[in-house]
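Enquirer: Take this structure, written in structure tokens, and hold onto it; I'll ask about it next.
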Amino acid sequence: MLKTTPFHSRTAPLVRAQTWRRWSGYQMASAYDPHPDREYAAIRNAAALIDVSPLHKYMLTGADAGRLLDRMITRDMARCAVGQVYYTPWCDAAGKVIDDGTVSRLAEAAYRLTSADSSLRWLYMNAVGMKVQIDDVSERVGALALQGPLSLAILNEASPADFARLKYFRLVETTVGGVPVTVSRTGYTGDLGYEIWVEAPRAEALWDSLIQAGTHYGITPAGVWAMDIARIEAGLIMLDVDYFSAHHALIESHKSSPYEINLGWAVSSTKGPFNGRRALAAERARGAAWGFVGLEVEWDSFERLFRAHHLPPQLSGIAWRASAPVYRAGRQVGYATSGCWSPLLKKSLALAHLRAPHFEPGTRVELEITVEHQRKTADAVVRKLPFFEPERKKA
Amino acid sequence: MSVRRYDAILIGGGHNGLVAAAYLARAGRKTLVLERRPIVGGAAVTEEVFPGFKFSVFSYVVSLLRPEIIRDLDLPRHGLQILPLESTITPLDDGDYLGSWADPDEARRELRRHSPRDADAMALFGRLMHHMAMAVKPIIGMVPPDPASLSPSDLRGLLRLGRHFRSLGAERFHALHKLMTMSSADYLDEWFEFGPLKATKSASGIIGTFLGPRSPGSAYVLLHHYMGEIDGAFRAWGFQKGGTGGISDAIAGAARASGAEIRTDAAVERVLVRGGQAVGVALASGEEIAANLVVSGLDPRLTFTRLVDAETLPAELLEGVRRYKFRGSSGKVNLALAGLPDFTCLPGPGRHLRGAVSISPSVEYLERAYDDAKYGEFSRHPYLDIVIPSMIDPGMAPPGKHVMSIFVQYAPYHLNGGWTDARREAFGDAVVRTLARYAPNIESLILHRQVLTPADIERITGLSEGNIFQGELALQQLFFLRPVPAWAKYRTPIRGYWQCGAGTHPGGGIMGASGRLAALEILRDSR
């Protein structure tokens, strides 16, 4: 039996086509409408309300909480101010990524860590000898992502805080509709947006007040399908889809370093000891063997494959998650792990792992697609991620 | 004459003129667009007619914008953002409604409520229309070959077409012939039994044309709806963020990014011709601007009889232009609303308000609406196609308030006694009264009403007789006959003077194909 989130009483009646899926053992809406077009449009045009409660959440408090995180993640905790949020991967000793998530510094010695996978054992292993209290608050805290260009207007209506002044990857403790919450300017859509953290018993009241404040701004509950398209446009990776945890990989080639999944920017080259430091320094020096990049499918070559069968091009309104070989001049140079038709950019996009040196932007490659039961390739061009980055995201 | 010399001047900053300018500028031509109004877009404009409320004043949805134009000009980067418009409801006179929903299962179930037979027929009808749309698709993308010509390029084009039509097979070719010759009502009668379904579908065959659903030739226009579905840039049917002016702005942005200049408040008085060659334009201000090429995005009447001295043109061409039918038949009512309309058939707010509402309860209703127009009156009970853009893009109106766009047919350009302010308001009253039969609270919500008759459309946009397609999309003036035989390839008898508006093939709707094909033909010609 799957668990339900603290917002279930509000979300369940809205899932018109009963399109549920599982996410970390929770029952989650794939979409509320039978298809995600409108929910996706809300992310890019108005505001989408997305239940992201299945994320694992840990409270780390005590004198050594910062030290524990600094040892674990690849970014430099010394530079993380109170009220700041980090997005970061963390690695094993060989510099291979275990998971990625956010670290929110709530107070001088109080942090919240989110992760895609359960991380309790790894936290305890790294906390040996440290004065730190580790609490798994996953089930006690609900989380909503409010994402889209009008999310700011909605929060300003529902909350006394001045959100116009809340910068990208900063947080504020405030109330929304009278409910105490933490709001961080973060998200998984690459748009202007916020994530709102609430004690589970007050979750429904939070949902209701956001819906009420947002009705005039086109607030739209959105499911995983809509978010998946947005995150591909934003070039954001997903654990167990685009890469695998070093802790779960059965063979070495399943593992990735931060450099190999486009997270090299998050690896500090100046901070003190942390998990994977030596291996990552060596990899930085010699250059990563793989790159994680965007692919833009060239329409004419794609259309031609279908025209040969007297068909218009067939596209899905839902993102795909599968491995598709990528070739260059006929020789395999990597594989794509997810992709979608971008309703905004009007392009077919994919996220792909490519071997050096084939990941330079502008490189022309071929992506395998199946047309009428036959394996074909469509021309594609390597693009730097993200595909889409509106000014409002960070403005 | 001014010192700046341009390779090409585009007269009129409508969407086709902008598309042509973008393609010419991309090819390295020094290009200037001259627009009479303070804003670009022609009939694809967004204006804040009432403070805080943005109206897509004329054209209000997009479905046919050519995908190759979206790609070539990278329009999404310049602001093209098309939001889904998912459903259509048709309120019925008995208080019920017919809903056409985006989800196929839901749509079938809804139709089965009214006619189980039609619900089954719909899938087969959809497949046939898919094949028909695939059949005419190549025509949309080609410069029309002249069947009376023996030139190699015309013969090549005709041969290509001939092969294409032979490849359709007998069954589809026969179906296509029917579609080209029948009325939309007769054509739909072959498939369906439920009146409101036939009426709502046939309505798309009469839009912008002075025909009724029982007039032969109206079936062909049905195809255009399906064209968008099979060939649009996938999910490109809907509503542009910020209104249709956003599309014009995106195309203008792409043109500017390629180096084109765009001047507004710059009305062109006439094209300067020397020795049978266009050499520039003279503005209403008296300013003269030199150019190697002049391209008119205006309709055929203005292109051939207003911008140039008609006496220099062949009599056959002028006669063809005189015969070319405009006959504006539609009007527009834009409302600023204090709240949402409450439809008797589906009370309260709901998802139906995010889609279209079609006032087309029966084919007879539409035909009677046409009868009024046939005899020179506006329809007392008109066909209405209604959308509430603020439900799709909240930025169109202040929070909690709404804008409503009502396309109205019929409103004949040649009204008995002519259009006056009083007749315009009477027309607006008829529209609101018609809507109030289905949404009784509408009158109490109206904060501002903008009524546009064909005469207003002509006055504001310049479109002759207010025809939204720069001339009817009737078979006798399509393809190699558009606008007139022998002059369907964007050229004119004056060297260096070209046409690129919707009055050329394929014309009509926010499509951009005329502008693109004209620009490509100009570039090919100058190679």
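Chain labels A, B, ... are given in the sequence in which chains occur in the structure tokens; within each chain residues are numbered consecutively from 1, and ligands are likewise numbered from 1 in the order shown.
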Pull out every residue of chain B sitting within 10 Å of chain A, counting only C-alpha atoms, and send them as a PyMOL selection string.
Expert: chain B and resi 67-68+70-71+74-77+79-86+102-106+130-131+134+230-231+233-236+241-242+390-395+397-402
Enquirer: Can you list every residue in region 150-365 of chain B that DSSP puts in alpha helix (DSSP H), as a JSON list (two decimals) with N, CA and C atoms, in the first residue's frame?
Expert:
```
[["chain", "number", "residue", "atom", "x", "y", "z"],
["B", 152, "PRO", "N", 8.67, 25.69, -67.90],
["B", 152, "PRO", "CA", 9.17, 24.48, -67.26],
["B", 152, "PRO", "C", 8.84, 24.40, -65.77],
["B", 153, "SER", "N", 8.94, 25.53, -65.05],
["B", 153, "SER", "CA", 8.70, 25.44, -63.61],
["B", 153, "SER", "C", 7.22, 25.17, -63.34],
["B", 154, "ASP", "N", 6.33, 25.76, -64.13],
["B", 154, "ASP", "CA", 4.91, 25.47, -63.96],
["B", 154, "ASP", "C", 4.61, 24.01, -64.27],
["B", 155, "LEU", "N", 5.21, 23.50, -65.34],
["B", 155, "LEU", "CA", 4.96, 22.10, -65.71],
["B", 155, "LEU", "C", 5.49, 21.15, -64.64],
["B", 156, "ARG", "N", 6.66, 21.51, -64.12],
["B", 156, "ARG", "CA", 7.23, 20.68, -63.04],
["B", 156, "ARG", "C", 6.28, 20.65, -61.84],
["B", 157, "GLY", "N", 5.78, 21.84, -61.47],
["B", 157, "GLY", "CA", 4.86, 21.92, -60.32],
["B", 157, "GLY", "C", 3.59, 21.12, -60.58],
["B", 158, "LEU", "N", 3.07, 21.22, -61.80],
["B", 158, "LEU", "CA", 1.83, 20.51, -62.14],
["B", 158, "LEU", "C", 2.05, 19.00, -62.12],
["B", 159, "LEU", "N", 3.22, 18.60, -62.59],
["B", 159, "LEU", "CA", 3.54, 17.18, -62.61],
["B", 159, "LEU", "C", 3.62, 16.64, -61.18],
["B", 160, "ARG", "N", 4.25, 17.45, -60.33],
["B", 160, "ARG", "CA", 4.38, 17.05, -58.93],
["B", 160, "ARG", "C", 2.98, 16.91, -58.31],
["B", 161, "LEU", "N", 2.12, 17.86, -58.59],
["B", 161, "LEU", "CA", 0.74, 17.81, -58.07],
["B", 161, "LEU", "C", 0.00, 16.61, -58.62],
["B", 162, "GLY", "N", 0.16, 16.38, -59.93],
["B", 162, "GLY", "CA", -0.52, 15.26, -60.57],
["B", 162, "GLY", "C", -0.14, 13.95, -59.93],
["B", 163, "ARG", "N", 1.17, 13.77, -59.72],
["B", 163, "ARG", "CA", 1.65, 12.53, -59.07],
["B", 163, "ARG", "C", 1.07, 12.41, -57.67],
["B", 164, "HIS", "N", 1.06, 13.54, -56.98],
["B", 164, "HIS", "CA", 0.57, 13.53, -55.60],
["B", 164, "HIS", "C", -0.89, 13.08, -55.57],
["B", 165, "PHE", "N", -1.72, 13.64, -56.47],
["B", 165, "PHE", "CA", -3.13, 13.30, -56.42],
["B", 165, "PHE", "C", -3.38, 11.87, -56.88],
["B", 166, "ARG", "N", -2.56, 11.40, -57.82],
["B", 166, "ARG", "CA", -2.71, 9.99, -58.22],
["B", 166, "ARG", "C", -2.38, 9.06, -57.07],
["B", 170, "ALA", "N", -8.26, 6.14, -55.49],
["B", 170, "ALA", "CA", -9.58, 6.57, -55.96],
["B", 170, "ALA", "C", -10.47, 7.06, -54.83],
["B", 171, "GLU", "N", -10.50, 6.31, -53.73],
["B", 171, "GLU", "CA", -11.46, 6.61, -52.66],
["B", 171, "GLU", "C", -11.21, 8.00, -52.08],
["B", 172, "ARG", "N", -9.93, 8.27, -51.81],
["B", 172, "ARG", "CA", -9.62, 9.57, -51.21],
["B", 172, "ARG", "C", -9.75, 10.70, -52.22],
["B", 173, "PHE", "N", -9.46, 10.41, -53.46],
["B", 173, "PHE", "CA", -9.60, 11.45, -54.47],
["B", 173, "PHE", "C", -11.07, 11.84, -54.61],
["B", 174, "HIS", "N", -11.95, 10.83, -54.59],
["B", 174, "HIS", "CA", -13.38, 11.13, -54.70],
["B", 174, "HIS", "C", -13.86, 11.93, -53.49],
["B", 175, "ALA", "N", -13.39, 11.54, -52.31],
["B", 175, "ALA", "CA", -13.78, 12.26, -51.10],
["B", 175, "ALA", "C", -13.31, 13.70, -51.17],
["B", 176, "LEU", "N", -12.12, 13.90, -51.72],
["B", 176, "LEU", "CA", -11.57, 15.25, -51.82],
["B", 176, "LEU", "C", -12.42, 16.08, -52.79],
["B", 177, "HIS", "N", -12.84, 15.44, -53.88],
["B", 177, "HIS", "CA", -13.66, 16.16, -54.85],
["B", 177, "HIS", "C", -14.97, 16.60, -54.23],
["B", 178, "LYS", "N", -15.57, 15.72, -53.41],
["B", 178, "LYS", "CA", -16.80, 16.08, -52.71],
["B", 178, "LYS", "C", -16.56, 17.27, -51.79],
["B", 179, "LEU", "N", -15.47, 17.20, -51.07],
["B", 179, "LEU", "CA", -15.15, 18.24, -50.11],
["B", 179, "LEU", "C", -14.98, 19.59, -50.81],
["B", 180, "MET", "N", -14.49, 19.53, -52.04],
["B", 180, "MET", "CA", -14.23, 20.76, -52.78],
["B", 180, "MET", "C", -15.51, 21.36, -53.36],
["B", 181, "THR", "N", -16.55, 20.54, -53.49],
["B", 181, "THR", "CA", -17.71, 21.03, -54.24],
["B", 181, "THR", "C", -18.98, 21.15, -53.39],
["B", 184, "SER", "N", -20.95, 22.65, -46.58],
["B", 184, "SER", "CA", -20.53, 21.97, -45.36],
["B", 184, "SER", "C", -21.70, 21.24, -44.72],
["B", 185, "ALA", "N", -22.90, 21.80, -44.82],
["B", 185, "ALA", "CA", -24.05, 21.12, -44.21],
["B", 185, "ALA", "C", -24.33, 19.78, -44.90],
["B", 186, "ASP", "N", -24.29, 19.78, -46.23],
["B", 186, "ASP", "CA", -24.53, 18.53, -46.96],
["B", 186, "ASP", "C", -23.44, 17.51, -46.66],
["B", 187, "TYR", "N", -22.21, 18.00, -46.63],
["B", 187, "TYR", "CA", -21.09, 17.11, -46.38],
["B", 187, "TYR", "C", -21.21, 16.46, -45.00],
["B", 188, "LEU", "N", -21.57, 17.27, -44.02],
["B", 188, "LEU", "CA", -21.70, 16.74, -42.65],
["B", 188, "LEU", "C", -22.93, 15.85, -42.52],
["B", 189, "ASP", "N", -23.97, 16.14, -43.32],
["B", 189, "ASP", "CA", -25.17, 15.29, -43.32],
["B", 189, "ASP", "C", -24.83, 13.85, -43.70],
["B", 195, "GLY", "N", -28.10, 17.53, -34.86],
["B", 195, "GLY", "CA", -28.08, 18.88, -35.45],
["B", 195, "GLY", "C", -27.04, 19.83, -34.88],
["B", 196, "PRO", "N", -26.99, 20.00, -33.56],
["B", 196, "PRO", "CA", -26.03, 20.95, -33.00],
["B", 196, "PRO", "C", -24.57, 20.59, -33.32],
["B", 197, "LEU", "N", -24.29, 19.29, -33.47],
["B", 197, "LEU", "CA", -22.93, 18.88, -33.84],
["B", 197, "LEU", "C", -22.63, 19.35, -35.26],
["B", 198, "LYS", "N", -23.59, 19.10, -36.17],
["B", 198, "LYS", "CA", -23.39, 19.50, -37.56],
["B", 198, "LYS", "C", -23.28, 21.02, -37.65],
["B", 199, "ALA", "N", -24.10, 21.71, -36.87],
["B", 199, "ALA", "CA", -24.08, 23.18, -36.93],
["B", 199, "ALA", "C", -22.73, 23.71, -36.46],
["B", 200, "THR", "N", -22.24, 23.17, -35.34],
["B", 200, "THR", "CA", -21.00, 23.68, -34.78],
["B", 200, "THR", "C", -19.83, 23.38, -35.70],
["B", 201, "LYS", "N", -19.84, 22.19, -36.30],
["B", 201, "LYS", "CA", -18.78, 21.87, -37.25],
["B", 201, "LYS", "C", -18.89, 22.70, -38.52],
["B", 202, "SER", "N", -20.10, 22.88, -39.00],
["B", 202, "SER", "CA", -20.24, 23.60, -40.27],
["B", 202, "SER", "C", -19.91, 25.08, -40.09],
["B", 203, "ALA", "N", -20.01, 25.56, -38.86],
["B", 203, "ALA", "CA", -19.71, 26.98, -38.63],
["B", 203, "ALA", "C", -18.28, 27.31, -39.07],
["B", 219, "ALA", "N", -17.75, 23.46, -47.70],
["B", 219, "ALA", "CA", -17.16, 22.28, -47.06],
["B", 219, "ALA", "C", -15.63, 22.35, -47.04],
["B", 220, "TYR", "N", -15.08, 22.93, -48.12],
["B", 220, "TYR", "CA", -13.62, 22.96, -48.22],
["B", 220, "TYR", "C", -12.98, 23.66, -47.01],
["B", 221, "VAL", "N", -13.65, 24.72, -46.54],
["B", 221, "VAL", "CA", -13.05, 25.50, -45.46],
["B", 221, "VAL", "C", -12.97, 24.69, -44.15],
["B", 222, "LEU", "N", -13.84, 23.64, -44.05],
["B", 222, "LEU", "CA", -13.76, 22.74, -42.89],
["B", 222, "LEU", "C", -12.35, 22.17, -42.74],
["B", 223, "LEU", "N", -11.75, 21.93, -43.89],
["B", 223, "LEU", "CA", -10.44, 21.29, -43.90],
["B", 223, "LEU", "C", -9.41, 22.08, -43.11],
["B", 224, "HIS", "N", -9.55, 23.39, -43.19],
["B", 224, "HIS", "CA", -8.54, 24.22, -42.54],
["B", 224, "HIS", "C", -8.38, 23.89, -41.06],
["B", 225, "HIS", "N", -9.51, 23.55, -40.41],
["B", 225, "HIS", "CA", -9.42, 23.18, -39.01],
["B", 225, "HIS", "C", -8.56, 21.94, -38.81],
["B", 226, "TYR", "N", -8.74, 21.00, -39.71],
["B", 226, "TYR", "CA", -7.98, 19.76, -39.58],
["B", 226, "TYR", "C", -6.52, 19.96, -39.96],
["B", 227, "MET", "N", -6.28, 20.91, -40.88],
["B", 227, "MET", "CA", -4.89, 21.21, -41.23],
["B", 227, "MET", "C", -4.08, 21.54, -39.98],
["B", 228, "GLY", "N", -4.67, 22.39, -39.14],
["B", 228, "GLY", "CA", -3.98, 22.78, -37.92],
["B", 228, "GLY", "C", -3.66, 21.57, -37.07],
["B", 229, "GLU", "N", -4.58, 20.61, -37.05],
["B", 229, "GLU", "CA", -4.37, 19.46, -36.19],
["B", 229, "GLU", "C", -3.27, 18.53, -36.67],
["B", 230, "ILE", "N", -3.23, 18.27, -37.96],
["B", 230, "ILE", "CA", -2.22, 17.31, -38.40],
["B", 230, "ILE", "C", -0.88, 17.98, -38.63],
["B", 231, "ASP", "N", -0.92, 19.26, -38.95],
["B", 231, "ASP", "CA", 0.28, 19.85, -39.48],
["B", 231, "ASP", "C", 0.74, 21.04, -38.68],
["B", 245, "GLY", "N", -1.55, 39.94, -30.65],
["B", 245, "GLY", "CA", -0.48, 40.90, -30.91],
["B", 245, "GLY", "C", 0.87, 40.33, -30.53],
["B", 246, "GLY", "N", 0.88, 39.39, -29.60],
["B", 246, "GLY", "CA", 2.13, 38.75, -29.18],
["B", 246, "GLY", "C", 2.79, 37.98, -30.33],
["B", 247, "ILE", "N", 1.95, 37.44, -31.24],
["B", 247, "ILE", "CA", 2.51, 36.72, -32.39],
["B", 247, "ILE", "C", 3.19, 37.72, -33.33],
["B", 248, "SER", "N", 2.49, 38.83, -33.60],
["B", 248, "SER", "CA", 3.07, 39.86, -34.46],
["B", 248, "SER", "C", 4.36, 40.39, -33.85],
["B", 249, "ASP", "N", 4.35, 40.62, -32.54],
["B", 249, "ASP", "CA", 5.55, 41.13, -31.87],
["B", 249, "ASP", "C", 6.70, 40.13, -31.98],
["B", 250, "ALA", "N", 6.37, 38.83, -31.87],
["B", 250, "ALA", "CA", 7.43, 37.81, -31.97],
["B", 250, "ALA", "C", 8.04, 37.81, -33.37],
["B", 251, "ILE", "N", 7.17, 37.91, -34.39],
["B", 251, "ILE", "CA", 7.68, 37.92, -35.77],
["B", 251, "ILE", "C", 8.49, 39.20, -36.01],
["B", 252, "ALA", "N", 7.97, 40.33, -35.49],
["B", 252, "ALA", "CA", 8.70, 41.59, -35.64],
["B", 252, "ALA", "C", 10.05, 41.49, -34.93],
["B", 253, "GLY", "N", 10.07, 40.85, -33.76],
["B", 253, "GLY", "CA", 11.33, 40.68, -33.03],
["B", 253, "GLY", "C", 12.33, 39.87, -33.84],
["B", 254, "ALA", "N", 11.83, 38.81, -34.48],
["B", 254, "ALA", "CA", 12.71, 37.98, -35.30],
["B", 254, "ALA", "C", 13.23, 38.78, -36.49],
["B", 255, "ALA", "N", 12.35, 39.60, -37.09],
["B", 255, "ALA", "CA", 12.77, 40.40, -38.25],
["B", 255, "ALA", "C", 13.84, 41.40, -37.83],
["B", 256, "ARG", "N", 13.61, 42.06, -36.70],
["B", 256, "ARG", "CA", 14.59, 43.04, -36.21],
["B", 256, "ARG", "C", 15.91, 42.36, -35.89],
["B", 257, "ALA", "N", 15.83, 41.18, -35.27],
["B", 257, "ALA", "CA", 17.06, 40.47, -34.90],
["B", 257, "ALA", "C", 17.88, 40.14, -36.14],
["B", 300, "PRO", "N", -5.35, 42.77, -52.47],
["B", 300, "PRO", "CA", -5.19, 43.00, -53.91],
["B", 300, "PRO", "C", -5.79, 44.32, -54.39],
["B", 301, "ARG", "N", -6.90, 44.73, -53.81],
["B", 301, "ARG", "CA", -7.52, 45.97, -54.27],
["B", 301, "ARG", "C", -6.58, 47.14, -54.00],
["B", 315, "ALA", "N", -5.53, 45.63, -68.46],
["B", 315, "ALA", "CA", -6.97, 45.69, -68.18],
["B", 315, "ALA", "C", -7.48, 44.38, -67.60],
["B", 316, "GLU", "N", -6.92, 43.23, -68.07],
["B", 316, "GLU", "CA", -7.39, 41.93, -67.56],
["B", 316, "GLU", "C", -7.12, 41.81, -66.06],
["B", 317, "LEU", "N", -5.95, 42.29, -65.65],
["B", 317, "LEU", "CA", -5.61, 42.22, -64.23],
["B", 317, "LEU", "C", -6.58, 43.09, -63.43],
["B", 318, "LEU", "N", -6.82, 44.30, -63.91],
["B", 318, "LEU", "CA", -7.72, 45.20, -63.19],
["B", 318, "LEU", "C", -9.13, 44.63, -63.11],
["B", 319, "GLU", "N", -9.55, 43.99, -64.18],
["B", 319, "GLU", "CA", -10.88, 43.38, -64.19],
["B", 319, "GLU", "C", -10.91, 42.23, -63.17],
["B", 320, "GLY", "N", -9.82, 41.47, -63.13],
["B", 320, "GLY", "CA", -9.73, 40.37, -62.15],
["B", 320, "GLY", "C", -9.81, 40.91, -60.73],
["B", 321, "VAL", "N", -9.13, 42.00, -60.48],
["B", 321, "VAL", "CA", -9.15, 42.58, -59.14],
["B", 321, "VAL", "C", -10.56, 43.10, -58.82],
["B", 322, "ARG", "N", -11.20, 43.67, -59.84],
["B", 322, "ARG", "CA", -12.55, 44.18, -59.61],
["B", 322, "ARG", "C", -13.51, 43.03, -59.27],
["B", 323, "ARG", "N", -13.29, 41.89, -59.92],
["B", 323, "ARG", "CA", -14.18, 40.74, -59.69],
["B", 323, "ARG", "C", -13.86, 40.01, -58.38],
["B", 363, "VAL", "N", -28.18, 23.93, -37.77],
["B", 363, "VAL", "CA", -27.80, 24.41, -39.10],
["B", 363, "VAL", "C", -28.82, 25.44, -39.58],
["B", 364, "GLU", "N", -30.09, 25.20, -39.23],
["B", 364, "GLU", "CA", -31.12, 26.13, -39.66],
["B", 364, "GLU", "C", -30.89, 27.51, -39.04],
["B", 365, "TYR", "N", -30.47, 27.51, -37.78],
["B", 365, "TYR", "CA", -30.16, 28.78, -37.10],
["B", 365, "TYR", "C", -29.11, 29.55, -37.89]]
```
Enquirer: Could you give me, as a ChimeraX atom specification, the residues within 10 Å of Trp20 (chain A), counting only C-alpha atoms and dropping anything in the same chain fewer than 6 positions from it?
Expert: /A:12,26-32,223-224
Enquirer: Export, as an mmCIF file, in the first residue's frame, the selected residues with N, CA and C atoms.
Expert:
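File produced: part-v2.cif:
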```cif
data_model
loop_
_atom_site.group_PDB
_atom_site.id
_atom_site.type_symbol
_atom_site.label_atom_id
_atom_site.label_comp_id
_atom_site.auth_asym_id
_atom_site.auth_seq_id
_atom_site.Cartn_x
_atom_site.Cartn_y
_atom_site.Cartn_z
ATOM 1 N N ALA A 12 -6.614 14.439 -4.113
ATOM 2 C CA ALA A 12 -7.284 13.234 -4.615
ATOM 3 C C ALA A 12 -8.565 13.524 -5.410
ATOM 4 N N TYR A 26 5.188 7.032 -2.161
ATOM 5 C CA TYR A 26 3.958 7.809 -2.024
ATOM 6 C C TYR A 26 3.119 7.704 -3.292
ATOM 7 N N GLN A 27 1.829 7.927 -3.099
ATOM 8 C CA GLN A 27 0.898 7.984 -4.217
ATOM 9 C C GLN A 27 0.824 9.434 -4.689
ATOM 10 N N MET A 28 1.175 9.645 -5.960
ATOM 11 C CA MET A 28 1.263 11.009 -6.481
ATOM 12 C C MET A 28 0.475 11.124 -7.775
ATOM 13 N N ALA A 29 -0.073 12.293 -8.031
ATOM 14 C CA ALA A 29 -0.800 12.518 -9.281
ATOM 15 C C ALA A 29 0.184 12.659 -10.438
ATOM 16 N N SER A 30 0.007 11.862 -11.487
ATOM 17 C CA SER A 30 0.743 12.102 -12.729
ATOM 18 C C SER A 30 0.216 13.381 -13.360
ATOM 19 N N ALA A 31 -1.099 13.499 -13.376
ATOM 20 C CA ALA A 31 -1.751 14.702 -13.876
ATOM 21 C C ALA A 31 -3.141 14.739 -13.263
ATOM 22 N N TYR A 32 -3.695 15.912 -13.171
ATOM 23 C CA TYR A 32 -5.054 16.054 -12.655
ATOM 24 C C TYR A 32 -6.045 15.940 -13.807
ATOM 25 N N GLY A 223 0.663 17.956 -11.858
ATOM 26 C CA GLY A 223 1.239 16.684 -11.468
ATOM 27 C C GLY A 223 2.641 16.495 -12.015
ATOM 28 N N VAL A 224 3.122 15.260 -11.861
ATOM 29 C CA VAL A 224 4.503 14.945 -12.211
ATOM 30 C C VAL A 224 4.758 15.063 -13.722
#
```
Enquirer: Using only C-alpha atoms, determine which residues lie at most 7 Å from region 87-96 of chain B, disregarding the query and same-chain residues fewer than 5 positions distant; provide the list as a PyMOL selection string.
Expert: chain B and resi 101-102+344-345+352+355-361+438
Enquirer: Pull C-alpha atoms from the residues just selected and write them as a PDB file, in the first residue's frame.
Expert:
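Dumped to again04.pdb:
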```pdb
ATOM      1  CA  TRP B 101     -13.593  18.028 -24.852  1.00  0.00           C
ATOM      2  CA  ALA B 102      -9.887  17.534 -25.369  1.00  0.00           C
ATOM      3  CA  THR B 344     -27.625  28.286 -17.949  1.00  0.00           C
ATOM      4  CA  CYS B 345     -26.520  24.958 -19.419  1.00  0.00           C
ATOM      5  CA  HIS B 352     -15.878  25.101 -20.098  1.00  0.00           C
ATOM      6  CA  GLY B 355     -12.531  26.884 -23.970  1.00  0.00           C
ATOM      7  CA  ALA B 356     -14.648  28.233 -26.783  1.00  0.00           C
ATOM      8  CA  VAL B 357     -18.405  28.701 -26.609  1.00  0.00           C
ATOM      9  CA  SER B 358     -20.160  28.340 -29.925  1.00  0.00           C
ATOM     10  CA  ILE B 359     -23.629  29.776 -30.423  1.00  0.00           C
ATOM     11  CA  SER B 360     -24.672  27.441 -33.209  1.00  0.00           C
ATOM     12  CA  PRO B 361     -27.671  25.443 -31.975  1.00  0.00           C
ATOM     13  CA  TYR B 438     -27.629  31.405 -22.866  1.00  0.00           C
TER      14      TYR B 438
END
```
Enquirer: As a ChimeraX atom specification, which residues of region 217-340 of chain A does DSSP assign to strand (DSSP E or B)?
Expert: /A:219-221,239,243,290-297,320-328,331-340
Enquirer: Do you know which residues are at most 8 Å from region 242-256 of chain A counting only C-alpha atoms, after dropping those on the same chain fewer than 5 positions away, and could you put them as an NGL selection string?
Expert: :A and (91-92 or 96-99 or 237 or 261 or 337-338 or 351)
Enquirer: Which residues come within 12 Å of region 363-378 of chain A, counting only C-alpha atoms, excluding same-chain residues fewer than 6 positions away, as an MDAnalysis selection string?
Expert: chainID A and resid 293:315 320 322:339 348:357 384
Enquirer: Tell me which protein, DNA and RNA residues are within 6 Å of region 479-484 of chain B, counting only C-alpha atoms, leaving out same-chain ones fewer than 3 positions away, and put them as a list in words.
Expert: Pro144, Asp146, Gly320, Trp487, Ala488, Gly503, Thr504 and His505 of chain B
Enquirer: Dump C-alpha atoms for the selected residues as an mmCIF file, in the first residue's frame?
Expert:
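As a result, part-v3.cif now contains:
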```cif
data_model
loop_
_atom_site.group_PDB
_atom_site.id
_atom_site.type_symbol
_atom_site.label_atom_id
_atom_site.label_comp_id
_atom_site.auth_asym_id
_atom_site.auth_seq_id
_atom_site.Cartn_x
_atom_site.Cartn_y
_atom_site.Cartn_z
ATOM 1 C CA PRO B 144 0.987 27.790 -57.253
ATOM 2 C CA ASP B 146 -0.267 28.013 -63.509
ATOM 3 C CA GLY B 320 -9.734 40.373 -62.155
ATOM 4 C CA TRP B 487 -0.700 36.843 -61.170
ATOM 5 C CA ALA B 488 -0.788 34.224 -58.430
ATOM 6 C CA GLY B 503 -4.777 37.930 -50.795
ATOM 7 C CA THR B 504 -2.173 35.639 -52.344
ATOM 8 C CA HIS B 505 -1.932 31.850 -52.078
#
```
Enquirer: Using only C-alpha atoms, pick whichever of A:Met130, A:Ala143, A:Leu171, A:Ile73 has the shortest atom-to-atom distance to Gly95 (chain A).
Expert: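 Looking only at the distances to Gly95 (chain A), the closest residue turns out to be A:Ile73.
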Enquirer: Using CA of Ala439 (chain B) and CA of Leu340 (chain B) as the two end points, give the distance in Å to one decimal.
Expert: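 The value is 9.8 Å.
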Enquirer: Rounded to one decimal place, report the CA of Asn334 (chain B)-CA of Phe239 (chain B) distance in Å.
Expert: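 Answer for the CA of Asn334 (chain B) to CA of Phe239 (chain B) separation: 15.6 Å.
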Enquirer: Just give me the gap between CA of Gly297 (chain B) and CA of Trp419 (chain B) in Å, one decimal is fine.
Expert: 26.6 Å
Enquirer: Pick out the closest residue to Pro347 (chain B) from this set: B:Pro440, B:Gly275, B:Gly259, B:Gly428. Count only C-alpha atoms.
Expert: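 Of B:Pro440, B:Gly275, B:Gly259, B:Gly428, the one nearest Pro347 (chain B), counting only C-alpha atoms, is B:Pro440.
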